[in-house]
$ cat final_6.cif   # mmCIF, N, CA and C atoms
data_target
#
loop_
_atom_site.label_atom_id
_atom_site.label_comp_id
_atom_site.auth_asym_id
_atom_site.auth_seq_id
_atom_site.Cartn_x
_atom_site.Cartn_y
_atom_site.Cartn_z
N MET D 684 1.43 -41.63 8.71
CA MET D 684 1.59 -40.74 9.82
C MET D 684 1.94 -39.34 9.30
N PRO D 685 1.18 -38.32 9.74
CA PRO D 685 1.47 -36.98 9.24
C PRO D 685 2.80 -36.47 9.74
N LYS D 686 3.43 -35.71 8.87
CA LYS D 686 4.73 -35.14 9.20
C LYS D 686 4.53 -33.90 10.09
N ILE D 687 5.28 -33.78 11.15
CA ILE D 687 5.21 -32.65 12.07
C ILE D 687 6.08 -31.53 11.52
N LYS D 688 5.49 -30.31 11.44
CA LYS D 688 6.23 -29.18 10.92
C LYS D 688 7.22 -28.67 11.97
N SER D 689 8.30 -28.14 11.47
CA SER D 689 9.30 -27.59 12.37
C SER D 689 8.83 -26.21 12.86
N GLN D 690 9.47 -25.75 13.90
CA GLN D 690 9.14 -24.44 14.46
C GLN D 690 9.39 -23.34 13.46
N GLU D 691 10.44 -23.45 12.66
CA GLU D 691 10.76 -22.45 11.65
C GLU D 691 9.68 -22.38 10.57
N ALA D 692 9.17 -23.52 10.18
CA ALA D 692 8.11 -23.55 9.16
C ALA D 692 6.84 -22.90 9.70
N LEU D 693 6.53 -23.12 10.98
CA LEU D 693 5.35 -22.50 11.57
C LEU D 693 5.49 -20.98 11.65
N VAL D 694 6.71 -20.50 11.98
CA VAL D 694 6.96 -19.06 12.05
C VAL D 694 6.83 -18.43 10.66
N ARG D 695 7.36 -19.10 9.63
CA ARG D 695 7.24 -18.59 8.26
C ARG D 695 5.78 -18.53 7.82
N GLN D 696 5.03 -19.54 8.18
CA GLN D 696 3.62 -19.56 7.82
C GLN D 696 2.85 -18.44 8.54
N ARG D 697 3.18 -18.22 9.80
CA ARG D 697 2.53 -17.15 10.55
C ARG D 697 2.89 -15.78 9.96
N LYS D 698 4.13 -15.59 9.54
CA LYS D 698 4.55 -14.33 8.91
C LYS D 698 3.79 -14.09 7.61
N ARG D 699 3.57 -15.15 6.84
CA ARG D 699 2.82 -15.01 5.60
C ARG D 699 1.39 -14.55 5.87
N TRP D 700 0.76 -15.13 6.90
CA TRP D 700 -0.62 -14.74 7.24
C TRP D 700 -0.68 -13.29 7.73
N VAL D 701 0.33 -12.88 8.50
CA VAL D 701 0.37 -11.50 8.97
C VAL D 701 0.56 -10.55 7.79
N MET D 702 1.45 -10.88 6.89
CA MET D 702 1.67 -10.05 5.70
C MET D 702 0.41 -9.98 4.84
N LEU D 703 -0.28 -11.09 4.70
CA LEU D 703 -1.52 -11.09 3.93
C LEU D 703 -2.58 -10.20 4.60
N ALA D 704 -2.69 -10.27 5.91
CA ALA D 704 -3.65 -9.43 6.63
C ALA D 704 -3.31 -7.96 6.50
N VAL D 705 -2.04 -7.60 6.58
CA VAL D 705 -1.60 -6.21 6.41
C VAL D 705 -1.89 -5.74 4.98
N LEU D 706 -1.64 -6.59 4.00
CA LEU D 706 -1.89 -6.24 2.60
C LEU D 706 -3.39 -6.01 2.36
N VAL D 707 -4.24 -6.87 2.89
CA VAL D 707 -5.69 -6.71 2.74
C VAL D 707 -6.15 -5.43 3.42
N ALA D 708 -5.64 -5.14 4.61
CA ALA D 708 -6.02 -3.90 5.32
C ALA D 708 -5.55 -2.68 4.53
N LEU D 709 -4.38 -2.72 3.94
CA LEU D 709 -3.86 -1.61 3.14
C LEU D 709 -4.70 -1.39 1.89
N ILE D 710 -5.06 -2.45 1.21
CA ILE D 710 -5.89 -2.33 0.00
C ILE D 710 -7.27 -1.79 0.35
N THR D 711 -7.86 -2.29 1.43
CA THR D 711 -9.19 -1.82 1.86
C THR D 711 -9.15 -0.34 2.23
N GLY D 712 -8.14 0.06 2.98
CA GLY D 712 -8.01 1.47 3.36
C GLY D 712 -7.80 2.37 2.15
N SER D 713 -6.99 1.91 1.21
CA SER D 713 -6.74 2.71 0.01
C SER D 713 -8.00 2.86 -0.82
N TYR D 714 -8.78 1.79 -0.93
CA TYR D 714 -10.03 1.87 -1.68
C TYR D 714 -11.01 2.83 -1.02
N GLN D 715 -11.11 2.77 0.30
CA GLN D 715 -12.01 3.67 1.00
C GLN D 715 -11.58 5.13 0.83
N TRP D 716 -10.29 5.40 0.87
CA TRP D 716 -9.77 6.75 0.65
C TRP D 716 -10.08 7.20 -0.77
N TRP D 717 -9.86 6.31 -1.76
CA TRP D 717 -10.08 6.66 -3.15
C TRP D 717 -11.56 6.94 -3.40
N LYS D 718 -12.44 6.08 -2.89
CA LYS D 718 -13.88 6.23 -3.15
C LYS D 718 -14.45 7.48 -2.48
N GLN D 719 -13.88 7.90 -1.39
CA GLN D 719 -14.36 9.10 -0.70
C GLN D 719 -14.29 10.30 -1.63
N GLY D 720 -13.20 10.46 -2.32
CA GLY D 720 -13.05 11.54 -3.28
C GLY D 720 -12.94 12.92 -2.65
N LYS D 721 -12.83 13.91 -3.51
CA LYS D 721 -12.73 15.31 -3.08
C LYS D 721 -13.97 16.04 -3.59
N LEU D 722 -14.64 16.76 -2.72
CA LEU D 722 -15.85 17.47 -3.08
C LEU D 722 -15.54 18.55 -4.11
N ILE D 723 -16.21 18.48 -5.26
CA ILE D 723 -16.02 19.44 -6.34
C ILE D 723 -17.14 20.48 -6.34
N SER D 724 -18.37 20.01 -6.24
CA SER D 724 -19.49 20.94 -6.26
C SER D 724 -20.68 20.35 -5.52
N GLU D 725 -21.59 21.22 -5.10
CA GLU D 725 -22.85 20.76 -4.52
C GLU D 725 -23.95 21.71 -4.97
N THR D 726 -25.10 21.13 -5.29
CA THR D 726 -26.24 21.89 -5.76
C THR D 726 -27.45 21.50 -4.94
N TRP D 727 -28.05 22.47 -4.27
CA TRP D 727 -29.21 22.22 -3.42
C TRP D 727 -30.48 22.29 -4.25
N SER D 728 -31.49 21.52 -3.82
CA SER D 728 -32.80 21.56 -4.46
C SER D 728 -33.46 22.91 -4.18
N PRO D 729 -34.47 23.28 -4.95
CA PRO D 729 -35.12 24.58 -4.71
C PRO D 729 -35.70 24.73 -3.31
N ASN D 730 -36.18 23.64 -2.69
CA ASN D 730 -36.73 23.76 -1.33
C ASN D 730 -35.70 23.44 -0.25
N LYS D 731 -34.44 23.27 -0.62
CA LYS D 731 -33.32 23.04 0.31
C LYS D 731 -33.48 21.74 1.13
N GLN D 732 -34.20 20.76 0.59
CA GLN D 732 -34.37 19.47 1.27
C GLN D 732 -33.31 18.45 0.83
N TYR D 733 -32.79 18.60 -0.39
CA TYR D 733 -31.85 17.63 -0.97
C TYR D 733 -30.67 18.35 -1.58
N VAL D 734 -29.57 17.61 -1.68
CA VAL D 734 -28.36 18.18 -2.28
C VAL D 734 -27.70 17.12 -3.16
N VAL D 735 -27.20 17.55 -4.31
CA VAL D 735 -26.41 16.69 -5.20
C VAL D 735 -24.97 17.15 -5.08
N ARG D 736 -24.10 16.20 -4.73
CA ARG D 736 -22.68 16.52 -4.58
C ARG D 736 -21.86 15.72 -5.58
N GLU D 737 -20.88 16.37 -6.17
CA GLU D 737 -19.96 15.71 -7.09
C GLU D 737 -18.61 15.59 -6.41
N TYR D 738 -18.06 14.38 -6.44
CA TYR D 738 -16.77 14.10 -5.82
C TYR D 738 -15.80 13.62 -6.89
N ARG D 739 -14.65 14.23 -6.93
CA ARG D 739 -13.60 13.84 -7.86
C ARG D 739 -12.72 12.79 -7.19
N THR D 740 -12.45 11.70 -7.89
CA THR D 740 -11.58 10.66 -7.35
C THR D 740 -10.18 10.81 -7.94
N PHE D 741 -9.22 10.26 -7.24
CA PHE D 741 -7.82 10.32 -7.65
C PHE D 741 -7.59 9.37 -8.82
N ASP D 742 -6.92 9.83 -9.88
CA ASP D 742 -6.58 8.99 -11.02
C ASP D 742 -5.16 8.48 -10.83
N PHE D 743 -5.02 7.17 -10.74
CA PHE D 743 -3.69 6.58 -10.56
C PHE D 743 -2.88 6.66 -11.85
N LEU D 744 -3.56 6.57 -12.98
CA LEU D 744 -2.89 6.72 -14.26
C LEU D 744 -3.34 8.04 -14.87
N PRO D 745 -2.43 8.93 -15.17
CA PRO D 745 -2.83 10.22 -15.75
C PRO D 745 -3.48 10.02 -17.11
N ARG D 746 -4.46 10.85 -17.41
CA ARG D 746 -5.16 10.77 -18.70
C ARG D 746 -4.45 11.65 -19.71
N MET D 747 -4.47 11.20 -20.93
CA MET D 747 -3.90 12.00 -22.01
C MET D 747 -4.99 12.89 -22.57
N ALA D 748 -4.72 14.15 -22.73
CA ALA D 748 -5.70 15.09 -23.25
C ALA D 748 -5.11 15.83 -24.44
N MET D 749 -5.98 16.25 -25.31
CA MET D 749 -5.56 17.04 -26.46
C MET D 749 -5.30 18.47 -26.00
N PRO D 750 -4.49 19.22 -26.71
CA PRO D 750 -4.25 20.61 -26.33
C PRO D 750 -5.55 21.40 -26.30
N GLY D 751 -5.75 22.16 -25.25
CA GLY D 751 -6.94 22.95 -25.08
C GLY D 751 -8.12 22.18 -24.51
N ASP D 752 -7.92 20.88 -24.27
CA ASP D 752 -9.01 20.04 -23.80
C ASP D 752 -9.18 20.13 -22.29
N GLY D 753 -8.14 20.54 -21.62
CA GLY D 753 -8.28 20.58 -20.18
C GLY D 753 -7.96 19.27 -19.53
N GLY D 754 -8.14 18.52 -19.00
CA GLY D 754 -8.06 17.16 -18.50
C GLY D 754 -9.35 16.79 -17.87
N HIS D 755 -9.82 15.67 -18.28
CA HIS D 755 -11.09 15.19 -17.75
C HIS D 755 -10.86 14.50 -16.42
N TYR D 756 -11.89 14.41 -15.64
CA TYR D 756 -11.77 13.73 -14.35
C TYR D 756 -12.96 12.83 -14.10
N SER D 757 -12.75 11.82 -13.31
CA SER D 757 -13.80 10.87 -12.97
C SER D 757 -14.16 11.03 -11.50
N GLY D 758 -15.31 10.49 -11.16
CA GLY D 758 -15.74 10.60 -9.77
C GLY D 758 -17.16 10.10 -9.56
N TYR D 759 -17.74 10.52 -8.45
CA TYR D 759 -19.06 10.06 -8.04
C TYR D 759 -20.04 11.22 -7.97
N ILE D 760 -21.29 10.92 -8.30
CA ILE D 760 -22.40 11.83 -8.07
C ILE D 760 -23.22 11.19 -6.95
N ARG D 761 -23.45 11.95 -5.90
CA ARG D 761 -24.20 11.42 -4.75
C ARG D 761 -25.33 12.38 -4.41
N VAL D 762 -26.48 11.80 -4.04
CA VAL D 762 -27.66 12.59 -3.65
C VAL D 762 -27.91 12.34 -2.17
N TYR D 763 -28.00 13.44 -1.39
CA TYR D 763 -28.22 13.38 0.05
C TYR D 763 -29.45 14.19 0.41
N ASN D 764 -30.03 13.88 1.57
CA ASN D 764 -31.06 14.77 2.09
C ASN D 764 -30.41 15.78 3.01
N ARG D 765 -31.20 16.65 3.59
CA ARG D 765 -30.67 17.73 4.43
C ARG D 765 -29.95 17.18 5.66
N ASP D 766 -30.36 16.00 6.15
CA ASP D 766 -29.75 15.41 7.35
C ASP D 766 -28.49 14.61 7.05
N GLY D 767 -28.12 14.47 5.79
CA GLY D 767 -26.90 13.76 5.43
C GLY D 767 -27.11 12.31 5.04
N LYS D 768 -28.34 11.84 4.93
CA LYS D 768 -28.61 10.47 4.50
C LYS D 768 -28.43 10.38 2.99
N GLN D 769 -27.65 9.40 2.55
CA GLN D 769 -27.39 9.25 1.13
C GLN D 769 -28.49 8.43 0.48
N PHE D 770 -29.04 8.94 -0.65
CA PHE D 770 -30.10 8.26 -1.38
C PHE D 770 -29.60 7.59 -2.64
N TYR D 771 -28.54 8.10 -3.23
CA TYR D 771 -28.11 7.60 -4.54
C TYR D 771 -26.63 7.88 -4.72
N GLU D 772 -25.99 6.97 -5.49
CA GLU D 772 -24.57 7.14 -5.82
C GLU D 772 -24.34 6.56 -7.20
N GLU D 773 -23.61 7.30 -8.02
CA GLU D 773 -23.27 6.82 -9.37
C GLU D 773 -21.87 7.25 -9.72
N TYR D 774 -21.11 6.33 -10.31
CA TYR D 774 -19.74 6.62 -10.76
C TYR D 774 -19.78 7.06 -12.22
N SER D 775 -18.94 8.02 -12.57
CA SER D 775 -18.86 8.49 -13.95
C SER D 775 -17.39 8.68 -14.32
N ASP D 776 -17.03 8.19 -15.51
CA ASP D 776 -15.65 8.36 -15.98
C ASP D 776 -15.36 9.79 -16.41
N LEU D 777 -16.36 10.47 -16.95
CA LEU D 777 -16.19 11.83 -17.44
C LEU D 777 -17.16 12.74 -16.71
N LEU D 778 -16.84 13.03 -15.48
CA LEU D 778 -17.73 13.81 -14.62
C LEU D 778 -17.91 15.24 -15.11
N ASP D 779 -16.91 15.77 -15.80
CA ASP D 779 -17.00 17.15 -16.25
C ASP D 779 -17.94 17.34 -17.44
N PHE D 780 -18.39 16.25 -18.09
CA PHE D 780 -19.31 16.34 -19.22
C PHE D 780 -20.78 16.27 -18.79
N ILE D 781 -21.04 15.98 -17.54
CA ILE D 781 -22.41 15.79 -17.08
C ILE D 781 -23.08 17.15 -16.87
N GLU D 782 -24.30 17.27 -17.39
CA GLU D 782 -25.08 18.50 -17.25
C GLU D 782 -26.15 18.29 -16.20
N GLY D 783 -26.34 19.26 -15.36
CA GLY D 783 -27.37 19.15 -14.34
C GLY D 783 -26.77 19.41 -12.98
N PRO D 784 -27.47 19.17 -11.97
CA PRO D 784 -28.71 18.41 -11.85
C PRO D 784 -29.92 19.26 -12.19
N PHE D 785 -30.98 18.56 -12.64
CA PHE D 785 -32.25 19.18 -12.93
C PHE D 785 -33.27 18.62 -11.95
N TRP D 786 -33.98 19.50 -11.29
CA TRP D 786 -34.95 19.10 -10.26
C TRP D 786 -36.35 19.07 -10.86
N SER D 787 -37.10 18.01 -10.54
CA SER D 787 -38.50 17.90 -10.98
C SER D 787 -39.36 17.53 -9.78
N ASN D 788 -40.66 17.41 -9.99
CA ASN D 788 -41.56 17.05 -8.89
C ASN D 788 -41.28 15.64 -8.35
N ASP D 789 -40.76 14.75 -9.20
CA ASP D 789 -40.51 13.36 -8.79
C ASP D 789 -39.14 13.15 -8.18
N GLY D 790 -38.18 13.95 -8.56
CA GLY D 790 -36.83 13.73 -8.06
C GLY D 790 -35.82 14.60 -8.78
N VAL D 791 -34.67 14.00 -9.07
CA VAL D 791 -33.57 14.74 -9.69
C VAL D 791 -32.98 13.88 -10.81
N TYR D 792 -32.46 14.54 -11.86
CA TYR D 792 -31.80 13.83 -12.94
C TYR D 792 -30.72 14.72 -13.52
N TRP D 793 -29.84 14.13 -14.31
CA TRP D 793 -28.79 14.86 -15.01
C TRP D 793 -28.55 14.16 -16.32
N MET D 794 -27.87 14.81 -17.24
CA MET D 794 -27.63 14.27 -18.57
C MET D 794 -26.13 14.16 -18.83
N GLY D 795 -25.79 13.14 -19.63
CA GLY D 795 -24.41 12.96 -20.03
C GLY D 795 -23.73 11.77 -19.40
N ASN D 796 -24.47 10.96 -18.67
CA ASN D 796 -23.89 9.78 -18.04
C ASN D 796 -24.58 8.54 -18.56
N ASP D 797 -24.16 7.37 -18.08
CA ASP D 797 -24.72 6.11 -18.56
C ASP D 797 -26.18 5.94 -18.15
N ASN D 798 -26.51 6.28 -16.91
CA ASN D 798 -27.85 6.10 -16.39
C ASN D 798 -28.62 7.42 -16.55
N GLN D 799 -29.58 7.45 -17.46
CA GLN D 799 -30.33 8.67 -17.74
C GLN D 799 -31.65 8.73 -16.97
N ASP D 800 -31.89 7.81 -16.06
CA ASP D 800 -33.15 7.77 -15.32
C ASP D 800 -33.19 8.83 -14.23
N ILE D 801 -34.41 9.12 -13.80
CA ILE D 801 -34.60 10.07 -12.72
C ILE D 801 -34.37 9.36 -11.39
N VAL D 802 -33.76 10.03 -10.46
CA VAL D 802 -33.57 9.49 -9.12
C VAL D 802 -34.80 9.91 -8.29
N ARG D 803 -35.61 8.93 -7.95
CA ARG D 803 -36.84 9.21 -7.19
C ARG D 803 -36.48 9.55 -5.76
N LEU D 804 -37.13 10.57 -5.22
CA LEU D 804 -36.89 11.02 -3.86
C LEU D 804 -38.17 10.88 -3.04
N PRO D 805 -38.06 10.70 -1.72
CA PRO D 805 -39.26 10.48 -0.90
C PRO D 805 -40.26 11.63 -0.94
N THR D 806 -39.79 12.84 -1.01
CA THR D 806 -40.67 14.00 -1.10
C THR D 806 -40.26 14.83 -2.30
N THR D 807 -41.13 15.70 -2.73
CA THR D 807 -40.81 16.53 -3.89
C THR D 807 -39.72 17.55 -3.55
N PRO D 808 -38.69 17.68 -4.40
CA PRO D 808 -37.64 18.65 -4.14
C PRO D 808 -37.97 20.06 -4.62
N VAL D 809 -39.10 20.19 -5.30
CA VAL D 809 -39.49 21.48 -5.87
C VAL D 809 -40.61 22.06 -5.03
N GLU D 810 -40.56 23.35 -4.77
CA GLU D 810 -41.59 24.02 -3.97
C GLU D 810 -42.88 24.19 -4.75
#
$ encode --input "final_6.cif" --output "structure tokens"
Amino acid sequence: MPKIKSQEALVRQRKRWVMLAVLVALITGSYQWWKQGKLISETWSPNKQYVVREYRTFDFLPRMAMPGDGGHYSGYIRVYNRDGKQFYEEYSDLLDFIEGPFWSNDGVYWMGNDNQDIVRLPTTPVE
């Protein structure tokens, strides 16, 4: 015969579930805030149809830098069209070392990150 739980045990179990739900909501909200980042720069294509935006994310652990090095920052590179639709997103640990963006007939690319491929766009960004 199964043992019937006391009212106190049920209340403790309910409190644990509520605390777990609050913790999950807090972690999810924090991640969404962190991933959003702060806009650092934006570069429009020559025909003004596309834009590359760089977003700096918050570093929870400060980075150690050598004197005169400045401090490096990490973040996201995102490609949008004129209407705000996002086509591409890439995370980079050293966002300040990336060169570009460079616009071509096929799309856009930049140098200094892990993915060196061109981001193909629906229409040509060059006039």
$ resolve_selection --input "final_6.cif" --expression "the PyMOL selection byres ((chain D and resi 715-719) around 8)" --output "PyMOL selection string"
chain D and resi 709-714+720-722+738-741+759
$ write_last_selection --input "final_6.cif" --atoms "N, CA and C atoms" --output "PDB file, in the frame of the given file"
ATOM      1  N   LEU D 709      -4.380  -2.720   3.940  1.00  0.00           N
ATOM      2  CA  LEU D 709      -3.860  -1.610   3.140  1.00  0.00           C
ATOM      3  C   LEU D 709      -4.700  -1.390   1.890  1.00  0.00           C
ATOM      4  N   ILE D 710      -5.060  -2.450   1.210  1.00  0.00           N
ATOM      5  CA  ILE D 710      -5.890  -2.330   0.000  1.00  0.00           C
ATOM      6  C   ILE D 710      -7.270  -1.790   0.350  1.00  0.00           C
ATOM      7  N   THR D 711      -7.860  -2.290   1.430  1.00  0.00           N
ATOM      8  CA  THR D 711      -9.190  -1.820   1.860  1.00  0.00           C
ATOM      9  C   THR D 711      -9.150  -0.340   2.230  1.00  0.00           C
ATOM     10  N   GLY D 712      -8.140   0.060   2.980  1.00  0.00           N
ATOM     11  CA  GLY D 712      -8.010   1.470   3.360  1.00  0.00           C
ATOM     12  C   GLY D 712      -7.800   2.370   2.150  1.00  0.00           C
ATOM     13  N   SER D 713      -6.990   1.910   1.210  1.00  0.00           N
ATOM     14  CA  SER D 713      -6.740   2.710   0.010  1.00  0.00           C
ATOM     15  C   SER D 713      -8.000   2.860  -0.820  1.00  0.00           C
ATOM     16  N   TYR D 714      -8.780   1.790  -0.930  1.00  0.00           N
ATOM     17  CA  TYR D 714     -10.030   1.870  -1.680  1.00  0.00           C
ATOM     18  C   TYR D 714     -11.010   2.830  -1.020  1.00  0.00           C
ATOM     19  N   GLY D 720     -13.200  10.460  -2.320  1.00  0.00           N
ATOM     20  CA  GLY D 720     -13.050  11.540  -3.280  1.00  0.00           C
ATOM     21  C   GLY D 720     -12.940  12.920  -2.650  1.00  0.00           C
ATOM     22  N   LYS D 721     -12.830  13.910  -3.510  1.00  0.00           N
ATOM     23  CA  LYS D 721     -12.730  15.310  -3.080  1.00  0.00           C
ATOM     24  C   LYS D 721     -13.970  16.040  -3.590  1.00  0.00           C
ATOM     25  N   LEU D 722     -14.640  16.760  -2.720  1.00  0.00           N
ATOM     26  CA  LEU D 722     -15.850  17.470  -3.080  1.00  0.00           C
ATOM     27  C   LEU D 722     -15.540  18.550  -4.110  1.00  0.00           C
ATOM     28  N   TYR D 738     -18.060  14.380  -6.440  1.00  0.00           N
ATOM     29  CA  TYR D 738     -16.770  14.100  -5.820  1.00  0.00           C
ATOM     30  C   TYR D 738     -15.800  13.620  -6.890  1.00  0.00           C
ATOM     31  N   ARG D 739     -14.650  14.230  -6.930  1.00  0.00           N
ATOM     32  CA  ARG D 739     -13.600  13.840  -7.860  1.00  0.00           C
ATOM     33  C   ARG D 739     -12.720  12.790  -7.190  1.00  0.00           C
ATOM     34  N   THR D 740     -12.450  11.700  -7.890  1.00  0.00           N
ATOM     35  CA  THR D 740     -11.580  10.660  -7.350  1.00  0.00           C
ATOM     36  C   THR D 740     -10.180  10.810  -7.940  1.00  0.00           C
ATOM     37  N   PHE D 741      -9.220  10.260  -7.240  1.00  0.00           N
ATOM     38  CA  PHE D 741      -7.820  10.320  -7.650  1.00  0.00           C
ATOM     39  C   PHE D 741      -7.590   9.370  -8.820  1.00  0.00           C
ATOM     40  N   TYR D 759     -17.740  10.520  -8.450  1.00  0.00           N
ATOM     41  CA  TYR D 759     -19.060  10.060  -8.040  1.00  0.00           C
ATOM     42  C   TYR D 759     -20.040  11.220  -7.970  1.00  0.00           C
TER      43      TYR D 759
END
$ atom_distance --input "final_6.cif" --atom1 "atom N of Gly767 of chain D" --atom2 "atom CA of Asn796 of chain D"
24.7 Å
$ atom_distance --input "final_6.cif" --atom1 "atom N of Gln769 of chain D" --atom2 "atom CA of Ile801 of chain D"
16.8 Å
$ closest_residue --input "final_6.cif" --among "D:Ser775, D:Gln690, D:Asn788, D:Gln732" --to "His755 of chain D" --atoms "only C-alpha atoms"
D:Ser775
$ select_by_dssp --input "final_6.cif" --residues "segment 717-805 of chain D" --states "helix (DSSP H, G or I)" --output "PDB file with N, CA and C atoms, in the frame of the given file"
ATOM      1  N   TRP D 717      -9.860   6.310  -1.760  1.00  0.00           N
ATOM      2  CA  TRP D 717     -10.080   6.660  -3.150  1.00  0.00           C
ATOM      3  C   TRP D 717     -11.560   6.940  -3.400  1.00  0.00           C
ATOM      4  N   LYS D 718     -12.440   6.080  -2.890  1.00  0.00           N
ATOM      5  CA  LYS D 718     -13.880   6.230  -3.150  1.00  0.00           C
ATOM      6  C   LYS D 718     -14.450   7.480  -2.480  1.00  0.00           C
ATOM      7  N   GLN D 719     -13.880   7.900  -1.390  1.00  0.00           N
ATOM      8  CA  GLN D 719     -14.360   9.100  -0.700  1.00  0.00           C
ATOM      9  C   GLN D 719     -14.290  10.300  -1.630  1.00  0.00           C
ATOM     10  N   LEU D 778     -16.840  13.030 -15.480  1.00  0.00           N
ATOM     11  CA  LEU D 778     -17.730  13.810 -14.620  1.00  0.00           C
ATOM     12  C   LEU D 778     -17.910  15.240 -15.110  1.00  0.00           C
ATOM     13  N   ASP D 779     -16.910  15.770 -15.800  1.00  0.00           N
ATOM     14  CA  ASP D 779     -17.000  17.150 -16.250  1.00  0.00           C
ATOM     15  C   ASP D 779     -17.940  17.340 -17.440  1.00  0.00           C
ATOM     16  N   PHE D 780     -18.390  16.250 -18.090  1.00  0.00           N
ATOM     17  CA  PHE D 780     -19.310  16.340 -19.220  1.00  0.00           C
ATOM     18  C   PHE D 780     -20.780  16.270 -18.790  1.00  0.00           C
TER      19      PHE D 780
END
$ resolve_selection --input "final_6.cif" --expression "the PyMOL selection byres ((chain D and resi 794) around 6.5)" --output "tab-separated table (two decimals) with N, CA and C atoms, in the frame of the given file"
chain	number	residue	atom	x	y	z
D	780	PHE	N	-18.39	16.25	-18.09
D	780	PHE	CA	-19.31	16.34	-19.22
D	780	PHE	C	-20.78	16.27	-18.79
D	781	ILE	N	-21.04	15.98	-17.54
D	781	ILE	CA	-22.41	15.79	-17.08
D	781	ILE	C	-23.08	17.15	-16.87
D	782	GLU	N	-24.30	17.27	-17.39
D	782	GLU	CA	-25.08	18.50	-17.25
D	782	GLU	C	-26.15	18.29	-16.20
D	783	GLY	N	-26.34	19.26	-15.36
D	783	GLY	CA	-27.37	19.15	-14.34
D	783	GLY	C	-26.77	19.41	-12.98
D	792	TYR	N	-32.46	14.54	-11.86
D	792	TYR	CA	-31.80	13.83	-12.94
D	792	TYR	C	-30.72	14.72	-13.52
D	793	TRP	N	-29.84	14.13	-14.31
D	793	TRP	CA	-28.79	14.86	-15.01
D	793	TRP	C	-28.55	14.16	-16.32
D	795	GLY	N	-25.79	13.14	-19.63
D	795	GLY	CA	-24.41	12.96	-20.03
D	795	GLY	C	-23.73	11.77	-19.40
D	796	ASN	N	-24.47	10.96	-18.67
D	796	ASN	CA	-23.89	9.78	-18.04
D	796	ASN	C	-24.58	8.54	-18.56
D	799	GLN	N	-29.58	7.45	-17.46
D	799	GLN	CA	-30.33	8.67	-17.74
D	799	GLN	C	-31.65	8.73	-16.97
$ residues_around --input "final_6.cif" --residues "Glu773 of chain D" --least-positions-apart "4" --cutoff "8 Å" --atoms "only N, CA and C atoms" --output "compact mmCIF listing (two decimals) with N, CA and C atoms, in the frame of the given file"
# COMPACT_ATOMS: atom_id res chain seq x y z
N GLY D 758 -15.31 10.49 -11.16
CA GLY D 758 -15.74 10.60 -9.77
C GLY D 758 -17.16 10.10 -9.56
N TYR D 759 -17.74 10.52 -8.45
CA TYR D 759 -19.06 10.06 -8.04
C TYR D 759 -20.04 11.22 -7.97
N ILE D 760 -21.29 10.92 -8.30
CA ILE D 760 -22.40 11.83 -8.07
C ILE D 760 -23.22 11.19 -6.95
N ARG D 761 -23.45 11.95 -5.90
CA ARG D 761 -24.20 11.42 -4.75
C ARG D 761 -25.33 12.38 -4.41
N VAL D 762 -26.48 11.80 -4.04
CA VAL D 762 -27.66 12.59 -3.65
C VAL D 762 -27.91 12.34 -2.17
$ closest_residue --input "final_6.cif" --among "D:Val791, D:Pro729, D:Trp786, D:Leu778" --to "Glu810 of chain D" --atoms "all atoms listed in the file"
D:Pro729
$ select_by_dssp --input "final_6.cif" --residues "chain D" --states "strand (DSSP E)" --output "VMD selection string"
chain D and resid 721 to 727 733 to 739 758 to 764 769 to 775 782 to 786 790 to 794 802 to 803
$ atom_distance --input "final_6.cif" --atom1 "atom CA of Tyr756 of chain D" --atom2 "atom CA of Trp727 of chain D"
22.3 Å
$ closest_residue --input "final_6.cif" --among "D:Ser728, D:Asp776, D:Ser689, D:Tyr771" --to "Val802 of chain D" --atoms "all atoms listed in the file"
D:Tyr771
$ closest_residue --input "final_6.cif" --among "D:Val694, D:Arg765, D:Met702, D:Ser757" --to "Asp779 of chain D" --atoms "all atoms listed in the file"
D:Ser757
$ closest_residue --input "final_6.cif" --among "D:Pro808, D:Val701, D:Leu693, D:Glu725" --to "Glu737 of chain D" --atoms "only C-alpha atoms"
D:Glu725
$ axis_aligned_box --input "final_6.cif" --around "segment 715-728 of chain D" --padding-each-side "6 Å" --output "lines of an AutoDock Vina configuration file"
center_x = -21.6
center_y = 12.8
center_z = -2.7
size_x = 35.7
size_y = 32.1
size_z = 19.3
$ residues_around --input "final_6.cif" --residues "Thr806 of chain D" --least-positions-apart "3" --cutoff "10 Å" --atoms "only C-alpha atoms" --output "ChimeraX atom specification"
/D:732-733,788-790,803,809
